[in-house]
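Engineer: Quick one: structure below, then a few questions.
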Amino acid sequence: AQSVTQLGSHVSVSEGALVLLRCNYSSSVPPYLFWYVQYPNQGLQLLLKYTSAATLVKGINGFEAEFKKSETSFHLTKPSAHMRDAAEYFCAVSDQGGKLIFGQGTELSVKP
Amino acid sequence: DSGVTQTPKHLITATGQRVTLRCSPRSGDLSVYWYQQSLDQGLQFLIQYYNGEERAKGNILERFSAQQFPDLHSELNLSSLELGDSALYFCASSVGTSGREELFFGEGSRLTVL
């Protein structure tokens with residue numbers, strides 16, 4: 001069965017610092033991987049997805065993620081954090097039939 | 001705006017009661033998914049429908065049921081409610097079922113059971 005593990009339930013960075021949110025996956029087949037963001041009192045919004053094309057995927061709001069098969073990882077990064085990036089971030093892997101299996105989420109705090 | 005509409009946004013009810021949550025998918029999307037989000041369990045997949053047919057089942061309790069209607073809207077029915085059912089329930093939709101497509105999420109229905 002597919003699964004993802006997000007390392008760190010809370011990450012705090014200073015404004016302007018590098019953001020690194022970690023995600024490792026487990027999949028019996030080549031995975032499709034996603035990062036979603038959830039702002040307070042809102043639904044989930046897609047940041048980016050990997051569907052077996054380029055291993056470095058660029059998303060919205062300056063985020064990107066790199067698929068590393070050897071490490072079974074799909075970590076999310078952003079070179080410079082903004083206050084507006086404070087939110088909860090979810091890594092997900094696609095399972096049979098298109099449903100997504102989500103990690104536990106990482107709450108990102110950005111300090112001024 | 002994702003194009004997925006969920007009603008009601010908030011619902012407060014008592015233990016033992018029954019509620020129905022409604023979801024209208026994005027125009028053209030045939031697949032509908034229901035998720036439950038709680039502090040202790042995170043985002044849990046409940047059930048998926050594709051073009052009116054049940055496609056996949058996750059951690060959905062027997063007290064819960066769902067259906068997708070011919071106009072593709074979906075309803076999630078929760079009965080004999082317990083305190084632990086308090087959660088945010090999300091509906092999502094996608095065009096197909098290949099797994100490559102993005103899921104579009106509604107803003108959720110927040111259920112509080114007192």
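Chain identifiers are assigned as A, B, and so on, following the order in which chains appear in the structure tokens; residues are numbered from 1 within each chain, and ligands are numbered from 1 in order of appearance.
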Run DSSP on the backbone of this structure and report the residues of chain A it assigns to strand (DSSP E), as a PyMOL selection string.

Structural biologist: chain A and resi 3-7+10-14+19-26+33-38+44-50+56-58+64-68+73-78+87-94+100-102+106-111

Engineer: Quick one: residues within 12 Å of B:Arg26, only C-alpha atoms, excluding same-chain residues fewer than 5 positions away - as a list of chain:residue names?

Structural biologist: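 My list of contacting residues is B:Asp1, B:Ser2, B:Gly3, B:Val4, B:Thr5, B:Gln6, B:Ser31, B:Val32, B:Asp71, B:Leu72, B:His73, B:Ser74, B:Cys91, B:Ala92, B:Ser93, B:Ser94, B:Val95, B:Glu102, B:Leu103, B:Phe104, B:Phe105, B:Gly106.
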
Engineer: Store the residues picked out above in a file with N, CA and C atoms, as a PDB file, in the first residue's frame.

Structural biologist:
ATOM      1  N   ASP B   1     -10.924  30.135  -5.640  1.00  0.00           N
ATOM      2  CA  ASP B   1     -12.130  29.310  -5.690  1.00  0.00           C
ATOM      3  C   ASP B   1     -11.846  28.039  -6.498  1.00  0.00           C
ATOM      4  N   SER B   2     -11.961  26.876  -5.823  1.00  0.00           N
ATOM      5  CA  SER B   2     -11.640  25.599  -6.476  1.00  0.00           C
ATOM      6  C   SER B   2     -12.729  25.143  -7.426  1.00  0.00           C
ATOM      7  N   GLY B   3     -13.929  25.664  -7.267  1.00  0.00           N
ATOM      8  CA  GLY B   3     -15.053  25.202  -8.070  1.00  0.00           C
ATOM      9  C   GLY B   3     -15.838  24.081  -7.407  1.00  0.00           C
ATOM     10  N   VAL B   4     -15.359  23.595  -6.265  1.00  0.00           N
ATOM     11  CA  VAL B   4     -16.061  22.558  -5.511  1.00  0.00           C
ATOM     12  C   VAL B   4     -16.837  23.252  -4.389  1.00  0.00           C
ATOM     13  N   THR B   5     -18.129  22.963  -4.313  1.00  0.00           N
ATOM     14  CA  THR B   5     -18.980  23.630  -3.337  1.00  0.00           C
ATOM     15  C   THR B   5     -19.468  22.632  -2.303  1.00  0.00           C
ATOM     16  N   GLN B   6     -19.293  22.990  -1.046  1.00  0.00           N
ATOM     17  CA  GLN B   6     -19.762  22.130   0.044  1.00  0.00           C
ATOM     18  C   GLN B   6     -20.734  22.896   0.927  1.00  0.00           C
ATOM     19  N   SER B  31     -15.258  12.319 -10.803  1.00  0.00           N
ATOM     20  CA  SER B  31     -14.849  11.608  -9.586  1.00  0.00           C
ATOM     21  C   SER B  31     -14.991  12.514  -8.377  1.00  0.00           C
ATOM     22  N   VAL B  32     -15.588  11.966  -7.314  1.00  0.00           N
ATOM     23  CA  VAL B  32     -15.771  12.698  -6.056  1.00  0.00           C
ATOM     24  C   VAL B  32     -15.170  11.883  -4.915  1.00  0.00           C
ATOM     25  N   ASP B  71     -26.649  13.807 -11.395  1.00  0.00           N
ATOM     26  CA  ASP B  71     -26.094  15.116 -11.771  1.00  0.00           C
ATOM     27  C   ASP B  71     -24.678  15.290 -11.205  1.00  0.00           C
ATOM     28  N   LEU B  72     -24.132  14.249 -10.627  1.00  0.00           N
ATOM     29  CA  LEU B  72     -22.764  14.117 -10.121  1.00  0.00           C
ATOM     30  C   LEU B  72     -22.526  14.747  -8.745  1.00  0.00           C
ATOM     31  N   HIS B  73     -23.531  15.411  -8.177  1.00  0.00           N
ATOM     32  CA  HIS B  73     -23.307  15.884  -6.821  1.00  0.00           C
ATOM     33  C   HIS B  73     -23.315  14.682  -5.877  1.00  0.00           C
ATOM     34  N   SER B  74     -22.725  14.867  -4.717  1.00  0.00           N
ATOM     35  CA  SER B  74     -22.592  13.756  -3.786  1.00  0.00           C
ATOM     36  C   SER B  74     -23.060  14.179  -2.400  1.00  0.00           C
ATOM     37  N   CYS B  91     -14.792  17.484   0.704  1.00  0.00           N
ATOM     38  CA  CYS B  91     -15.092  16.849  -0.563  1.00  0.00           C
ATOM     39  C   CYS B  91     -14.067  17.337  -1.577  1.00  0.00           C
ATOM     40  N   ALA B  92     -13.661  16.449  -2.467  1.00  0.00           N
ATOM     41  CA  ALA B  92     -12.751  16.822  -3.537  1.00  0.00           C
ATOM     42  C   ALA B  92     -13.261  16.202  -4.827  1.00  0.00           C
ATOM     43  N   SER B  93     -12.839  16.766  -5.953  1.00  0.00           N
ATOM     44  CA  SER B  93     -13.234  16.172  -7.226  1.00  0.00           C
ATOM     45  C   SER B  93     -12.057  16.176  -8.197  1.00  0.00           C
ATOM     46  N   SER B  94     -12.126  15.300  -9.166  1.00  0.00           N
ATOM     47  CA  SER B  94     -11.131  15.252 -10.235  1.00  0.00           C
ATOM     48  C   SER B  94     -11.811  14.789 -11.509  1.00  0.00           C
ATOM     49  N   VAL B  95     -11.111  15.003 -12.620  1.00  0.00           N
ATOM     50  CA  VAL B  95     -11.692  14.648 -13.913  1.00  0.00           C
ATOM     51  C   VAL B  95     -11.839  13.138 -14.038  1.00  0.00           C
ATOM     52  N   GLU B 102      -4.861  16.344 -10.497  1.00  0.00           N
ATOM     53  CA  GLU B 102      -5.018  17.071  -9.246  1.00  0.00           C
ATOM     54  C   GLU B 102      -6.416  16.851  -8.700  1.00  0.00           C
ATOM     55  N   LEU B 103      -6.517  16.743  -7.366  1.00  0.00           N
ATOM     56  CA  LEU B 103      -7.809  16.774  -6.702  1.00  0.00           C
ATOM     57  C   LEU B 103      -8.087  18.214  -6.301  1.00  0.00           C
ATOM     58  N   PHE B 104      -9.297  18.675  -6.591  1.00  0.00           N
ATOM     59  CA  PHE B 104      -9.719  20.018  -6.202  1.00  0.00           C
ATOM     60  C   PHE B 104     -10.604  19.892  -4.966  1.00  0.00           C
ATOM     61  N   PHE B 105     -10.261  20.617  -3.926  1.00  0.00           N
ATOM     62  CA  PHE B 105     -10.948  20.495  -2.652  1.00  0.00           C
ATOM     63  C   PHE B 105     -11.916  21.642  -2.408  1.00  0.00           C
ATOM     64  N   GLY B 106     -13.045  21.305  -1.796  1.00  0.00           N
ATOM     65  CA  GLY B 106     -13.941  22.325  -1.288  1.00  0.00           C
ATOM     66  C   GLY B 106     -13.400  22.892   0.017  1.00  0.00           C
TER      67      GLY B 106
END

Engineer: For stretch 82-90 of chain B, work out the shell of residues within 6 Å, counting only C-alpha atoms and skipping chain neighbours fewer than 3 positions away, then give it as a PDB file with C-alpha atoms, in the first residue's frame.

Structural biologist:
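Output saved as out-v7.pdb:
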ATOM      1  CA  THR B  15     -24.999  12.828  19.833  1.00  0.00           C
ATOM      2  CA  TRP B  34     -14.708  12.427   0.766  1.00  0.00           C
ATOM      3  CA  TYR B  35     -12.080  13.017   3.439  1.00  0.00           C
ATOM      4  CA  GLN B  36     -12.271  13.516   7.188  1.00  0.00           C
ATOM      5  CA  GLN B  37      -9.781  15.832   8.889  1.00  0.00           C
ATOM      6  CA  SER B  38      -9.305  15.699  12.649  1.00  0.00           C
ATOM      7  CA  GLY B 108     -15.079  21.765   4.004  1.00  0.00           C
ATOM      8  CA  SER B 109     -18.007  21.229   6.334  1.00  0.00           C
ATOM      9  CA  ARG B 110     -17.124  21.602   9.998  1.00  0.00           C
ATOM     10  CA  LEU B 111     -19.193  19.229  12.116  1.00  0.00           C
ATOM     11  CA  THR B 112     -19.427  19.690  15.861  1.00  0.00           C
ATOM     12  CA  VAL B 113     -21.181  16.978  17.863  1.00  0.00           C
TER      13      VAL B 113
END

Engineer: Give the answer as one residue: which of A:Tyr39, A:Phe102, A:Tyr25, A:Tyr32 has the shortest atom-to-atom distance to B:Glu107, using only C-alpha atoms?

Structural biologist: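 Among the listed residues, A:Tyr39 lies closest to B:Glu107.
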
Engineer: Which residue is closest to chain A? Choose from B:Pro8, B:Gly99, B:Gly52, B:Gly28 and count only C-alpha atoms.

Structural biologist: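 Using only C-alpha atoms, chain A sits closest to B:Gly99.
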
Engineer: How close does chain A get to chain B? List, as JSON lines, each residue of chain A within 7 Å, its nearest atom pair and the distance in Å to one decimal, counting only C-alpha atoms.

Structural biologist:
{"residue": "A:Tyr32", "atom": "CA", "partner": "B:Arg100", "partner_atom": "CA", "distance": 6.3}
{"residue": "A:Gln42", "atom": "CA", "partner": "B:Glu107", "partner_atom": "CA", "distance": 5.2}
{"residue": "A:Gly43", "atom": "CA", "partner": "B:Glu107", "partner_atom": "CA", "distance": 4.2}
{"residue": "A:Leu44", "atom": "CA", "partner": "B:Phe105", "partner_atom": "CA", "distance": 5.7}
{"residue": "A:Thr51", "atom": "CA", "partner": "B:Arg100", "partner_atom": "CA", "distance": 6.1}
{"residue": "A:Ser94", "atom": "CA", "partner": "B:Gly99", "partner_atom": "CA", "distance": 5.4}
{"residue": "A:Asp95", "atom": "CA", "partner": "B:Gly99", "partner_atom": "CA", "distance": 6.7}
{"residue": "A:Gly97", "atom": "CA", "partner": "B:Thr97", "partner_atom": "CA", "distance": 4.7}
{"residue": "A:Gly98", "atom": "CA", "partner": "B:Gly99", "partner_atom": "CA", "distance": 3.8}
{"residue": "A:Lys99", "atom": "CA", "partner": "B:Gly99", "partner_atom": "CA", "distance": 6.8}
{"residue": "A:Phe102", "atom": "CA", "partner": "B:Leu43", "partner_atom": "CA", "distance": 6.3}
{"residue": "A:Gln104", "atom": "CA", "partner": "B:Gly42", "partner_atom": "CA", "distance": 5.5}

Engineer: Can you pull out every residue within 7 Å of A:Ala65, counting only C-alpha atoms, but drop anything in the same chain fewer than 6 positions away, and send it as a PyMOL selection string?

Structural biologist: chain A and resi 56-58+74-77

Engineer: Choose the residue, out of B:Ser24, B:Thr13, B:Thr7, B:Asn59, that has the smallest atom-to-atom separation from A:Ile101; count only C-alpha atoms.

Structural biologist: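 Ranked by minimum distance to A:Ile101, first place goes to B:Asn59.
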
Engineer: Quick check, in Å to one decimal: how far apart do atom CA of A:Pro112 and atom CA of A:Asp85 lie?

Structural biologist: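 So the answer is 11.9 Å.
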